[in-house]
Structure formats: structure tokens, C-alpha cells
Amino acid sequence: MVKVKKCLPYTSKVVGRTLLRVDETKAAFKVYFVDIVGRAERQRYEWALCGATQEDFLARLKARKAEGVGFVTAFPHITKIFQFGPSPETNLYTRSFDTKTFEEKRLDYAEGATEVACAAEALILAQEFRFWLDAESVEAYLAKLADAGDASFRNCAKLAAYYGQG
């Protein structure tokens, strides 16, 4: 039987976006800073309260020497780097990290499945992938920043209700 984990309220807000060129290797990432608002422990989910700045995060990401071209979703508690290709460049690859430590984070906690994206990430991802599909060049892709990412669930318990667990 499917066991549905109770979810916390979910309303995401994109609170910053920028293009980060990492170094002379041509690595470049569009970075989206995202808050989840309306939860307890606001310092865990909101950039203005987490004790770090977006500028500090960008400096640490640049120092990490991330490679490739793509985009980053940075929440105060988790960061995902989405990279196009290179094997092949029609695919999108992702890695997850703890935002504070940059230690890799596994997201295979859902009955053996791996989390692909939360709502904010999925909305950004859809727009970013469309940019990638439509771009004639990497520079044309990098010139566009997504305006997606703000999301709010009307009902965070519909799956639990569907399985009679709500």
C-alpha cells in the first residue's frame, strides 16, 4: 500500500535570479534563489532569514568550479544544479547539495524513487528547457531568465485523501 507522507504547506517565491559565469572554462549557470514561505522555522526556508546572503552563495558556487551550462535552484536548505548534456546535450542532468555545506545530498527517499523536482523547480525547469530547445546558441539560451517558480498548492493533501489517509 502506498504510504503518503504528510506534507508541509507549500508556497514558493523566487526572490532573486542572476547569471553566473564561473570562470574561463565557459561554465555558466542561471541561478534562481527560491523561498518557501508560510512555514515554521522560517530561517530554514527563507533567504532573508537564513543567515547567508545570495552574494555569499554565488561566491561559494563560483569557488566550487561547477562545470557546464544550465541553471541552479537555490533554496536556503537545498540546492540543485541542472546541467545540459554533454552526454548527449539533449538531456538534463542534476545534482543536489546542502546549500550551507555544498555536500552532495541524495534524494532517493521516496520508496526507492529519486525526487526530480519540487513545484518551484518543476516550473523553472519547464521554462528553462523550453529556452534550451528554442535557442540557436548557448549565448541565446543564457540571455533568457525564467519568470516561473512562484507556486502555491491549492490542496497539499489530495494524494493522502485519494489513498484514504487524509
# chains A, B, ... in the order shown; residues from 1 in each chain; ligands from 1
>>> closest_atom_pairs(of="segment 31-59 of chain A", to="segment 143-166 of chain A", cutoff="10 Å", atoms="only C-alpha atoms", output="JSON lines")
{"residue": "A:Val31", "atom": "CA", "partner": "A:Leu145", "partner_atom": "CA", "distance": 9.0}
{"residue": "A:Tyr32", "atom": "CA", "partner": "A:Gly149", "partner_atom": "CA", "distance": 8.6}
{"residue": "A:Phe33", "atom": "CA", "partner": "A:Gly149", "partner_atom": "CA", "distance": 9.6}
{"residue": "A:Val34", "atom": "CA", "partner": "A:Gly149", "partner_atom": "CA", "distance": 7.7}
{"residue": "A:Asp35", "atom": "CA", "partner": "A:Asp150", "partner_atom": "CA", "distance": 9.1}
{"residue": "A:Ile36", "atom": "CA", "partner": "A:Ala151", "partner_atom": "CA", "distance": 9.3}
{"residue": "A:Val37", "atom": "CA", "partner": "A:Ser152", "partner_atom": "CA", "distance": 9.7}
>>> write_last_selection(atoms="N, CA and C atoms", output="mmCIF file, in the first residue's frame")
data_model
loop_
_atom_site.group_PDB
_atom_site.id
_atom_site.type_symbol
_atom_site.label_atom_id
_atom_site.label_comp_id
_atom_site.auth_asym_id
_atom_site.auth_seq_id
_atom_site.Cartn_x
_atom_site.Cartn_y
_atom_site.Cartn_z
ATOM 1 N N VAL A 31 21.054 31.329 -11.987
ATOM 2 C CA VAL A 31 20.794 30.964 -10.594
ATOM 3 C C VAL A 31 19.475 31.579 -10.154
ATOM 4 N N TYR A 32 18.601 30.732 -9.623
ATOM 5 C CA TYR A 32 17.299 31.158 -9.107
ATOM 6 C C TYR A 32 17.290 30.926 -7.603
ATOM 7 N N PHE A 33 17.111 31.997 -6.838
ATOM 8 C CA PHE A 33 17.006 31.908 -5.388
ATOM 9 C C PHE A 33 15.529 31.792 -5.041
ATOM 10 N N VAL A 34 15.181 30.744 -4.305
ATOM 11 C CA VAL A 34 13.773 30.456 -4.039
ATOM 12 C C VAL A 34 13.531 30.316 -2.541
ATOM 13 N N ASP A 35 12.467 30.951 -2.072
ATOM 14 C CA ASP A 35 11.976 30.793 -0.694
ATOM 15 C C ASP A 35 10.761 29.883 -0.699
ATOM 16 N N ILE A 36 10.557 29.182 0.398
ATOM 17 C CA ILE A 36 9.268 28.548 0.671
ATOM 18 C C ILE A 36 8.712 29.303 1.869
ATOM 19 N N VAL A 37 7.609 29.992 1.657
ATOM 20 C CA VAL A 37 7.072 30.884 2.689
ATOM 21 C C VAL A 37 5.881 30.249 3.401
#
>>> select_by_dssp(residues="segment 48-90 of chain A", states="helix (DSSP H, G or I)", output="number ranges by chain")
A: 48-49, 54-64
>>> write_last_selection(atoms="N, CA and C atoms", output="compact mmCIF listing (two decimals), in the first residue's frame")
# COMPACT_ATOMS: atom_id res chain seq x y z
N ALA A 48 16.12 35.68 3.34
CA ALA A 48 16.33 36.87 4.17
C ALA A 48 16.57 36.52 5.64
N LEU A 49 16.21 35.32 6.04
CA LEU A 49 16.32 34.93 7.45
C LEU A 49 17.32 33.80 7.70
N GLN A 54 22.68 35.97 -0.80
CA GLN A 54 22.75 35.46 -2.16
C GLN A 54 24.15 35.68 -2.73
N GLU A 55 24.77 36.79 -2.41
CA GLU A 55 26.12 37.10 -2.90
C GLU A 55 27.13 36.08 -2.37
N ASP A 56 27.00 35.72 -1.09
CA ASP A 56 27.88 34.72 -0.49
C ASP A 56 27.69 33.37 -1.20
N PHE A 57 26.44 33.01 -1.45
CA PHE A 57 26.16 31.76 -2.14
C PHE A 57 26.82 31.75 -3.52
N LEU A 58 26.67 32.84 -4.27
CA LEU A 58 27.26 32.91 -5.61
C LEU A 58 28.78 32.79 -5.55
N ALA A 59 29.40 33.41 -4.58
CA ALA A 59 30.86 33.32 -4.43
C ALA A 59 31.28 31.88 -4.12
N ARG A 60 30.53 31.22 -3.25
CA ARG A 60 30.85 29.82 -2.91
C ARG A 60 30.62 28.90 -4.10
N LEU A 61 29.55 29.14 -4.86
CA LEU A 61 29.27 28.33 -6.05
C LEU A 61 30.37 28.53 -7.10
N LYS A 62 30.79 29.75 -7.28
CA LYS A 62 31.87 30.05 -8.23
C LYS A 62 33.17 29.37 -7.80
N ALA A 63 33.48 29.41 -6.52
CA ALA A 63 34.69 28.79 -6.00
C ALA A 63 34.66 27.27 -6.14
N ARG A 64 33.48 26.72 -6.14
CA ARG A 64 33.31 25.27 -6.27
C ARG A 64 33.67 24.81 -7.68
>>> atom_distance(atom1="atom CA of Thr101 of chain A", atom2="atom CA of Thr79 of chain A")
10.4 Å
>>> select_by_dssp(residues="segment 9-84 of chain A", states="strand (DSSP E or B)", output="PyMOL selection string")
chain A and resi 11-21+28-36+69-74+79-84
>>> write_last_selection(atoms="C-alpha atoms", output="mmCIF file, in the first residue's frame")
data_model
loop_
_atom_site.group_PDB
_atom_site.id
_atom_site.type_symbol
_atom_site.label_atom_id
_atom_site.label_comp_id
_atom_site.auth_asym_id
_atom_site.auth_seq_id
_atom_site.Cartn_x
_atom_site.Cartn_y
_atom_site.Cartn_z
ATOM 1 C CA THR A 11 4.142 28.344 -1.358
ATOM 2 C CA SER A 12 7.328 29.191 -3.234
ATOM 3 C CA LYS A 13 8.596 32.601 -4.272
ATOM 4 C CA VAL A 14 11.562 33.368 -6.498
ATOM 5 C CA VAL A 15 13.431 36.088 -4.595
ATOM 6 C CA GLY A 16 16.399 36.521 -6.908
ATOM 7 C CA ARG A 17 17.742 35.488 -10.295
ATOM 8 C CA THR A 18 21.061 36.083 -11.977
ATOM 9 C CA LEU A 19 23.540 34.682 -14.487
ATOM 10 C CA LEU A 20 26.783 33.318 -13.018
ATOM 11 C CA ARG A 21 29.764 32.792 -15.278
ATOM 12 C CA ALA A 28 27.693 29.380 -16.889
ATOM 13 C CA PHE A 29 24.565 28.920 -14.817
ATOM 14 C CA LYS A 30 21.401 30.893 -14.344
ATOM 15 C CA VAL A 31 20.794 30.964 -10.594
ATOM 16 C CA TYR A 32 17.299 31.158 -9.107
ATOM 17 C CA PHE A 33 17.006 31.908 -5.388
ATOM 18 C CA VAL A 34 13.773 30.456 -4.039
ATOM 19 C CA ASP A 35 11.976 30.793 -0.694
ATOM 20 C CA ILE A 36 9.268 28.548 0.671
ATOM 21 C CA VAL A 69 25.882 25.142 -18.809
ATOM 22 C CA GLY A 70 22.487 25.154 -17.141
ATOM 23 C CA PHE A 71 20.677 26.544 -14.153
ATOM 24 C CA VAL A 72 20.605 26.331 -10.377
ATOM 25 C CA THR A 73 17.697 26.362 -7.948
ATOM 26 C CA ALA A 74 18.983 27.568 -4.601
ATOM 27 C CA THR A 79 20.452 23.452 -3.951
ATOM 28 C CA LYS A 80 20.143 21.647 -7.259
ATOM 29 C CA ILE A 81 22.418 22.194 -10.221
ATOM 30 C CA PHE A 82 20.780 21.324 -13.537
ATOM 31 C CA GLN A 83 23.230 20.870 -16.417
ATOM 32 C CA PHE A 84 22.547 20.274 -20.108
#
>>> atom_distance(atom1="atom CA of His77 of chain A", atom2="atom CA of Glu46 of chain A")
8.9 Å
>>> atom_distance(atom1="atom CA of Pro86 of chain A", atom2="atom CA of Gly68 of chain A")
8.1 Å
>>> closest_residue(among="A:Glu103, A:Leu123, A:Leu8, A:Ala113", to="Glu41 of chain A", atoms="only C-alpha atoms")
A:Leu8
>>> closest_residue(among="A:Phe102, A:Phe75, A:Leu107, A:Glu136", to="Glu121 of chain A", atoms="only C-alpha atoms")
A:Phe75
